[in-house]
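Structure below is run-v5.csv: CSV, C-alpha atoms.
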chain,number,residue,atom,x,y,z
A,1,MET,CA,-63.3,14.4,52.1
A,2,ARG,CA,-66.4,16.0,50.5
A,3,LEU,CA,-65.4,19.6,51.1
A,4,LEU,CA,-63.8,20.1,47.7
A,5,PRO,CA,-66.9,19.2,45.7
A,6,VAL,CA,-69.0,21.5,47.8
A,7,LEU,CA,-66.6,24.4,47.5
A,8,ALA,CA,-66.3,23.8,43.7
A,9,ALA,CA,-70.1,23.8,43.4
A,10,LEU,CA,-70.3,27.0,45.4
A,11,ALA,CA,-67.6,28.7,43.4
A,12,ALA,CA,-69.3,27.7,40.1
A,13,GLY,CA,-72.7,28.7,41.4
A,14,PRO,CA,-73.3,31.7,39.1
A,15,ALA,CA,-72.2,29.6,36.1
A,16,PHE,CA,-74.9,27.0,36.8
A,17,GLY,CA,-77.8,29.5,37.3
A,18,GLN,CA,-79.0,32.5,39.1
A,19,GLN,CA,-79.3,32.4,42.9
A,20,PRO,CA,-82.9,32.5,44.0
A,21,GLY,CA,-84.2,35.9,45.0
A,22,LEU,CA,-81.6,37.9,43.1
A,23,LEU,CA,-82.4,39.8,39.9
A,24,PRO,CA,-81.1,38.0,36.9
A,25,GLU,CA,-78.0,39.6,35.4
A,26,TRP,CA,-79.8,41.0,32.4
A,27,GLU,CA,-82.3,42.7,34.7
A,28,THR,CA,-79.5,44.1,36.8
A,29,ARG,CA,-77.8,45.5,33.7
A,30,LYS,CA,-81.1,47.0,32.6
A,31,LEU,CA,-81.5,48.7,36.0
A,32,LEU,CA,-78.0,50.1,35.8
A,33,THR,CA,-78.6,51.4,32.3
A,34,SER,CA,-81.7,53.1,33.5
A,35,LEU,CA,-79.8,54.7,36.4
A,36,VAL,CA,-77.0,56.0,34.2
A,37,ASP,CA,-79.4,57.2,31.5
A,38,ASN,CA,-81.3,59.2,34.0
A,39,ALA,CA,-78.1,60.7,35.4
A,40,LYS,CA,-77.1,61.7,31.9
A,41,LYS,CA,-80.4,63.5,31.5
A,42,ILE,CA,-79.3,65.7,34.4
A,43,GLU,CA,-76.1,66.8,32.8
A,44,PRO,CA,-77.5,69.3,30.3
A,45,LEU,CA,-79.6,70.8,33.2
A,46,ILE,CA,-76.5,71.1,35.3
A,47,ALA,CA,-74.8,72.9,32.4
A,48,GLU,CA,-77.5,75.6,32.6
A,49,ILE,CA,-76.8,76.3,36.3
A,50,ARG,CA,-74.4,79.2,36.9
A,51,PRO,CA,-73.4,79.3,40.6
A,52,SER,CA,-70.5,81.6,39.9
A,53,ASP,CA,-73.1,84.3,38.9
A,54,TRP,CA,-74.9,83.9,42.2
A,55,ILE,CA,-72.0,85.3,44.3
A,56,SER,CA,-73.0,88.8,43.4
A,57,GLN,CA,-76.4,88.1,44.9
A,58,GLY,CA,-74.9,87.0,48.2
A,59,ALA,CA,-74.8,83.2,47.6
A,60,PRO,CA,-72.1,81.3,49.4
A,61,ASP,CA,-69.1,79.9,47.5
A,62,ALA,CA,-70.2,76.4,48.5
A,63,TYR,CA,-72.7,76.2,45.6
A,64,GLN,CA,-69.8,76.3,43.1
A,65,LEU,CA,-68.3,73.3,44.9
A,66,GLN,CA,-71.7,71.5,44.9
A,67,TRP,CA,-72.1,72.2,41.2
A,68,GLN,CA,-68.7,70.6,40.5
A,69,ARG,CA,-69.5,67.6,42.8
A,70,VAL,CA,-72.7,66.9,41.0
A,71,SER,CA,-70.8,66.4,37.7
A,72,GLN,CA,-68.2,64.3,39.6
A,73,SER,CA,-70.9,62.2,41.1
A,74,ILE,CA,-72.5,61.5,37.7
A,75,GLY,CA,-69.1,60.3,36.5
A,76,GLY,CA,-68.6,58.2,39.6
A,77,LEU,CA,-72.1,56.7,39.2
A,78,GLN,CA,-71.3,55.7,35.6
A,79,ALA,CA,-68.0,54.1,36.6
A,80,ALA,CA,-69.4,52.2,39.5
A,81,SER,CA,-72.4,51.0,37.3
A,82,GLN,CA,-70.0,49.7,34.7
A,83,LYS,CA,-68.1,47.7,37.2
A,84,LEU,CA,-71.3,46.3,38.7
A,85,ALA,CA,-72.6,45.4,35.2
A,86,ALA,CA,-69.4,43.5,34.6
A,87,GLN,CA,-69.5,41.7,38.0
A,88,PRO,CA,-73.1,41.8,39.3
A,89,SER,CA,-72.3,39.6,42.3
A,90,LYS,CA,-69.8,42.0,43.8
A,91,ILE,CA,-71.3,43.7,46.8
A,92,THR,CA,-68.6,46.3,46.8
A,93,HIS,CA,-69.5,47.4,43.3
A,94,ALA,CA,-73.2,47.4,44.2
A,95,LEU,CA,-72.5,49.6,47.2
A,96,ALA,CA,-70.3,52.0,45.2
A,97,THR,CA,-73.1,52.4,42.7
A,98,LEU,CA,-75.6,53.1,45.5
A,99,TYR,CA,-73.3,55.6,47.2
A,100,GLY,CA,-72.6,57.3,43.9
A,101,LEU,CA,-76.3,57.7,43.3
A,102,GLU,CA,-77.1,58.9,46.8
A,103,SER,CA,-74.1,61.3,46.6
A,104,MET,CA,-75.5,62.8,43.4
A,105,GLN,CA,-78.9,63.1,44.9
A,106,GLY,CA,-77.6,64.9,48.0
A,107,TYR,CA,-75.6,67.4,46.0
A,108,LEU,CA,-78.5,68.0,43.6
A,109,GLY,CA,-81.0,68.7,46.4
A,110,SER,CA,-78.7,71.3,47.9
A,111,LEU,CA,-77.8,72.8,44.6
A,112,ALA,CA,-81.5,72.9,43.5
A,113,ALA,CA,-82.2,75.0,46.6
A,114,GLY,CA,-79.6,77.5,45.4
A,115,VAL,CA,-81.0,77.5,41.9
A,116,ARG,CA,-84.5,78.1,43.3
A,117,LYS,CA,-83.2,81.1,45.3
A,118,TYR,CA,-80.6,82.7,43.0
A,119,GLN,CA,-81.4,81.7,39.5
A,120,ASN,CA,-84.7,80.1,38.3
A,121,PRO,CA,-87.3,78.2,40.4
A,122,ALA,CA,-88.5,76.4,37.3
A,123,LEU,CA,-85.1,75.0,36.5
A,124,ALA,CA,-84.7,73.8,40.1
A,125,ASP,CA,-88.1,72.0,39.8
A,126,LEU,CA,-87.0,70.4,36.5
A,127,VAL,CA,-83.6,69.3,38.0
A,128,MET,CA,-85.4,67.7,41.0
A,129,GLY,CA,-88.1,66.2,38.8
A,130,VAL,CA,-85.5,64.4,36.6
A,131,SER,CA,-83.6,63.4,39.7
A,132,ASP,CA,-86.7,61.9,41.3
A,133,GLU,CA,-87.3,59.7,38.2
A,134,ASN,CA,-84.6,57.5,39.7
A,135,ALA,CA,-86.5,56.9,42.9
A,136,ASN,CA,-87.8,53.4,41.8
A,137,ASN,CA,-84.3,52.5,40.4
A,138,ARG,CA,-82.7,53.5,43.7
A,139,GLU,CA,-85.2,51.3,45.7
A,140,THR,CA,-84.6,48.4,43.4
A,141,LEU,CA,-80.9,48.8,43.7
A,142,LYS,CA,-81.2,48.8,47.6
A,143,GLN,CA,-83.3,45.7,47.5
A,144,TYR,CA,-80.7,44.0,45.1
A,145,ILE,CA,-77.9,44.8,47.5
A,146,LEU,CA,-79.8,43.4,50.4
A,147,GLU,CA,-80.6,40.2,48.5
A,148,LEU,CA,-77.0,40.0,47.3
A,149,ALA,CA,-75.8,40.3,50.9
A,150,VAL,CA,-78.2,37.6,52.1
A,151,ALA,CA,-77.1,35.2,49.3
A,152,SER,CA,-73.4,35.8,50.1
A,153,GLU,CA,-74.0,35.2,53.8
A,154,ALA,CA,-75.9,31.9,53.0
A,155,GLU,CA,-72.9,30.8,50.8
A,156,PHE,CA,-70.5,31.6,53.6
A,157,ASN,CA,-72.6,29.7,56.1
A,158,VAL,CA,-72.7,26.6,53.9
A,159,MET,CA,-68.9,26.8,53.4
A,160,ASP,CA,-68.3,27.3,57.1
A,161,ASN,CA,-70.6,24.5,58.1
A,162,GLU,CA,-68.9,22.1,55.7
A,163,ALA,CA,-65.5,23.1,56.9
A,164,GLN,CA,-66.6,22.5,60.5
A,165,ARG,CA,-68.0,19.1,59.5
A,166,CYS,CA,-64.7,18.1,57.8
A,167,ARG,CA,-62.6,19.3,60.8
A,168,ASP,CA,-64.8,17.2,63.1
A,169,MET,CA,-64.3,14.2,60.9
A,170,LEU,CA,-60.6,14.6,60.9
A,171,VAL,CA,-60.5,15.1,64.7
A,172,ARG,CA,-62.6,11.9,65.3
A,173,GLN,CA,-60.4,9.7,63.1
A,174,PRO,CA,-58.2,7.4,65.2
A,175,PRO,CA,-54.5,8.3,65.0
A,176,ALA,CA,-52.7,6.5,62.3
A,177,ARG,CA,-50.5,3.6,63.6
A,178,PRO,CA,-46.9,4.0,62.8
A,179,ALA,CA,-45.7,1.6,60.2
A,180,ALA,CA,-44.0,-1.5,61.5
A,181,LYS,CA,-40.3,-1.3,60.9
A,182,PRO,CA,-39.0,-4.1,58.8
A,183,LYS,CA,-36.8,-6.5,60.7
A,184,PRO,CA,-33.2,-6.2,59.7
A,185,THR,CA,-32.0,-9.1,57.6
A,186,PRO,CA,-28.9,-10.8,59.0
A,187,ALA,CA,-25.9,-9.9,57.0
A,188,LYS,CA,-24.2,-12.7,55.1
A,189,LYS,CA,-20.9,-13.7,56.4
A,190,ASP,CA,-18.1,-13.8,53.9
A,191,ARG,CA,-16.5,-17.2,53.6
A,192,PRO,CA,-12.7,-17.2,53.6
Can you present the structure in this file as structure tokens?
Amino acid sequence: MRLLPVLAALAAGPAFGQQPGLLPEWETRKLLTSLVDNAKKIEPLIAEIRPSDWISQGAPDAYQLQWQRVSQSIGGLQAASQKLAAQPSKITHALATLYGLESMQGYLGSLAAGVRKYQNPALADLVMGVSDENANNRETLKQYILELAVASEAEFNVMDNEAQRCRDMLVRQPPARPAAKPKPTPAKKDRP
């Protein structure tokens, strides 16, 4: 059966080299470092935002929650990025990183609208400018996830095809003949 060598080679794939089309691990880590570094640049800007002061100007309480969520999103992005850097072939870690980034972007966009209206339009522009610096990184991460999914599907297809081939070989083998039973040897008669 040749299934075991094929499965062993697939399992050891990353150890023997990078899969074609995927970013090398060092480039993936560089991308993640850039994502996190950019998110960290937003933290001091978020500290300047005071949504609790806006309530007296008629702002909804939701801005306070969005302000908290931005900070949580930055922490979530950092945690997901660390996991992906440790295991760059895990699609779940890559998706968690993308979702963390997009969550942060969504909250920032809404929060910046509040900053523009209730606090300081220049600060809102600065927050969104720093956030937009991650646009290229976000697109690279999306492409990486797509390539990772394609590579994983290809690996699965190879394993599935090999398993099907092995099953077909087993089904086509003639049934094993039962072993012939040894003829009983006559018992020796005791002599009186």
What are the closest atom pairs, with distances in Å to one decimal, for each residue of range 109-151 of chain A lying within 12 Å of range 69-78 of chain A, using only C-alpha atoms, rows by chain and rising residue number, as CSV?
residue,atom,partner,partner_atom,distance
A:Gly109,CA,A:Val70,CA,10.1
A:Ser110,CA,A:Val70,CA,10.1
A:Leu111,CA,A:Val70,CA,8.6
A:Ala112,CA,A:Val70,CA,10.9
A:Val127,CA,A:Val70,CA,11.6
A:Ser131,CA,A:Ile74,CA,11.4
A:Arg138,CA,A:Leu77,CA,12.0
> If you measure from CA of Asn137 in chain A to CA of Val150 in chain A, what distance in Å do you get, rounded to one decimal?
Replying inline: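 One can read the CA of Asn137 in chain A to CA of Val150 in chain A distance as 19.9 Å.
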>> Give me, as a PyMOL selection string, all polymer residues having an atom no more than 12 Å from range 81-89 of chain A, counting only C-alpha atoms and skipping those fewer than 5 positions away in the same chain.
In response: chain A and resi 11+13-15+18-19+22-37+39+73-76+94-101+141+144-152
> Do you have the CA of Ala59 in chain A-CA of Met104 in chain A distance handy?
Replying inline: 20.8 Å
>> Give me, as a ChimeraX atom specification, all polymer residues having an atom no more than 8 Å from Asp125 in chain A, counting all atoms listed in the file and skipping those fewer than 4 positions away in the same chain.
In response: /A:112,116,121,129
May I have the selected residues written with C-alpha atoms, as a short mmCIF file (atom, residue, chain, number, x, y, z; two decimals), in the coordinates of the input?
data_model
loop_
_atom_site.label_atom_id
_atom_site.label_comp_id
_atom_site.auth_asym_id
_atom_site.auth_seq_id
_atom_site.Cartn_x
_atom_site.Cartn_y
_atom_site.Cartn_z
CA ALA A 112 -81.50 72.90 43.50
CA ARG A 116 -84.50 78.10 43.30
CA PRO A 121 -87.30 78.20 40.40
CA GLY A 129 -88.10 66.20 38.80
#
>> Just the number, please: distance in Å from CA of Asp132 in chain A to CA of Leu108 in chain A, one decimal.
In response: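 Atom-to-atom, CA of Asp132 in chain A and CA of Leu108 in chain A are spaced 10.5 Å apart.
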> Around (-79.6, 68.9, 36.2) in the file's own coordinates, what residues are found within 7 Å if you use all atoms listed in the file, given back as a list of chain:residue names?
Replying inline: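 Using all atoms listed in the file, the matching residues come out as A:Ile42, A:Glu43, A:Pro44, A:Leu45, A:Ile46, A:Val127.
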Repair of range 159-181 of chain A at the level of N, CA and C atoms, as a PDB file, keeping the file's coordinate frame:
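Just written: selection.pdb:
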ATOM      1  N   MET A 159     -70.315  27.091  53.415  1.00  0.00           N
ATOM      2  CA  MET A 159     -68.900  26.800  53.400  1.00  0.00           C
ATOM      3  C   MET A 159     -68.347  26.571  54.807  1.00  0.00           C
ATOM      4  N   ASP A 160     -68.753  27.427  55.731  1.00  0.00           N
ATOM      5  CA  ASP A 160     -68.300  27.300  57.100  1.00  0.00           C
ATOM      6  C   ASP A 160     -68.770  26.038  57.758  1.00  0.00           C
ATOM      7  N   ASN A 161     -70.040  25.703  57.568  1.00  0.00           N
ATOM      8  CA  ASN A 161     -70.600  24.500  58.100  1.00  0.00           C
ATOM      9  C   ASN A 161     -69.881  23.238  57.576  1.00  0.00           C
ATOM     10  N   GLU A 162     -69.619  23.245  56.282  1.00  0.00           N
ATOM     11  CA  GLU A 162     -68.900  22.100  55.700  1.00  0.00           C
ATOM     12  C   GLU A 162     -67.492  22.002  56.185  1.00  0.00           C
ATOM     13  N   ALA A 163     -66.841  23.137  56.351  1.00  0.00           N
ATOM     14  CA  ALA A 163     -65.500  23.100  56.900  1.00  0.00           C
ATOM     15  C   ALA A 163     -65.471  22.598  58.319  1.00  0.00           C
ATOM     16  N   GLN A 164     -66.453  23.003  59.113  1.00  0.00           N
ATOM     17  CA  GLN A 164     -66.600  22.500  60.500  1.00  0.00           C
ATOM     18  C   GLN A 164     -66.796  20.992  60.496  1.00  0.00           C
ATOM     19  N   ARG A 165     -67.660  20.524  59.613  1.00  0.00           N
ATOM     20  CA  ARG A 165     -68.000  19.100  59.500  1.00  0.00           C
ATOM     21  C   ARG A 165     -66.692  18.313  59.168  1.00  0.00           C
ATOM     22  N   CYS A 166     -65.933  18.829  58.223  1.00  0.00           N
ATOM     23  CA  CYS A 166     -64.700  18.100  57.800  1.00  0.00           C
ATOM     24  C   CYS A 166     -63.678  18.140  58.952  1.00  0.00           C
ATOM     25  N   ARG A 167     -63.556  19.255  59.658  1.00  0.00           N
ATOM     26  CA  ARG A 167     -62.600  19.300  60.800  1.00  0.00           C
ATOM     27  C   ARG A 167     -63.037  18.281  61.856  1.00  0.00           C
ATOM     28  N   ASP A 168     -64.353  18.181  62.126  1.00  0.00           N
ATOM     29  CA  ASP A 168     -64.800  17.200  63.100  1.00  0.00           C
ATOM     30  C   ASP A 168     -64.500  15.780  62.677  1.00  0.00           C
ATOM     31  N   MET A 169     -64.658  15.492  61.378  1.00  0.00           N
ATOM     32  CA  MET A 169     -64.300  14.200  60.900  1.00  0.00           C
ATOM     33  C   MET A 169     -62.858  13.852  61.072  1.00  0.00           C
ATOM     34  N   LEU A 170     -62.018  14.844  60.800  1.00  0.00           N
ATOM     35  CA  LEU A 170     -60.600  14.600  60.900  1.00  0.00           C
ATOM     36  C   LEU A 170     -60.185  14.429  62.392  1.00  0.00           C
ATOM     37  N   VAL A 171     -60.810  15.173  63.281  1.00  0.00           N
ATOM     38  CA  VAL A 171     -60.500  15.100  64.700  1.00  0.00           C
ATOM     39  C   VAL A 171     -60.927  13.710  65.246  1.00  0.00           C
ATOM     40  N   ARG A 172     -62.037  13.177  64.771  1.00  0.00           N
ATOM     41  CA  ARG A 172     -62.600  11.900  65.300  1.00  0.00           C
ATOM     42  C   ARG A 172     -61.850  10.685  64.732  1.00  0.00           C
ATOM     43  N   GLN A 173     -61.082  10.839  63.690  1.00  0.00           N
ATOM     44  CA  GLN A 173     -60.400   9.700  63.100  1.00  0.00           C
ATOM     45  C   GLN A 173     -59.321   9.221  64.131  1.00  0.00           C
ATOM     46  N   PRO A 174     -59.199   7.900  64.285  1.00  0.00           N
ATOM     47  CA  PRO A 174     -58.200   7.400  65.200  1.00  0.00           C
ATOM     48  C   PRO A 174     -56.786   7.750  64.618  1.00  0.00           C
ATOM     49  N   PRO A 175     -55.849   7.972  65.503  1.00  0.00           N
ATOM     50  CA  PRO A 175     -54.500   8.300  65.000  1.00  0.00           C
ATOM     51  C   PRO A 175     -53.956   7.138  64.180  1.00  0.00           C
ATOM     52  N   ALA A 176     -53.243   7.482  63.191  1.00  0.00           N
ATOM     53  CA  ALA A 176     -52.700   6.500  62.300  1.00  0.00           C
ATOM     54  C   ALA A 176     -51.562   5.728  63.093  1.00  0.00           C
ATOM     55  N   ARG A 177     -51.556   4.425  62.925  1.00  0.00           N
ATOM     56  CA  ARG A 177     -50.500   3.600  63.600  1.00  0.00           C
ATOM     57  C   ARG A 177     -49.223   3.797  62.803  1.00  0.00           C
ATOM     58  N   PRO A 178     -48.132   3.892  63.545  1.00  0.00           N
ATOM     59  CA  PRO A 178     -46.900   4.000  62.800  1.00  0.00           C
ATOM     60  C   PRO A 178     -46.612   2.681  62.083  1.00  0.00           C
ATOM     61  N   ALA A 179     -46.047   2.786  60.965  1.00  0.00           N
ATOM     62  CA  ALA A 179     -45.700   1.600  60.200  1.00  0.00           C
ATOM     63  C   ALA A 179     -44.713   0.754  60.893  1.00  0.00           C
ATOM     64  N   ALA A 180     -44.913  -0.545  60.834  1.00  0.00           N
ATOM     65  CA  ALA A 180     -44.000  -1.500  61.500  1.00  0.00           C
ATOM     66  C   ALA A 180     -42.638  -1.397  60.755  1.00  0.00           C
ATOM     67  N   LYS A 181     -41.608  -1.310  61.540  1.00  0.00           N
ATOM     68  CA  LYS A 181     -40.300  -1.300  60.900  1.00  0.00           C
ATOM     69  C   LYS A 181     -39.909  -2.671  60.478  1.00  0.00           C
TER      70      LYS A 181
END
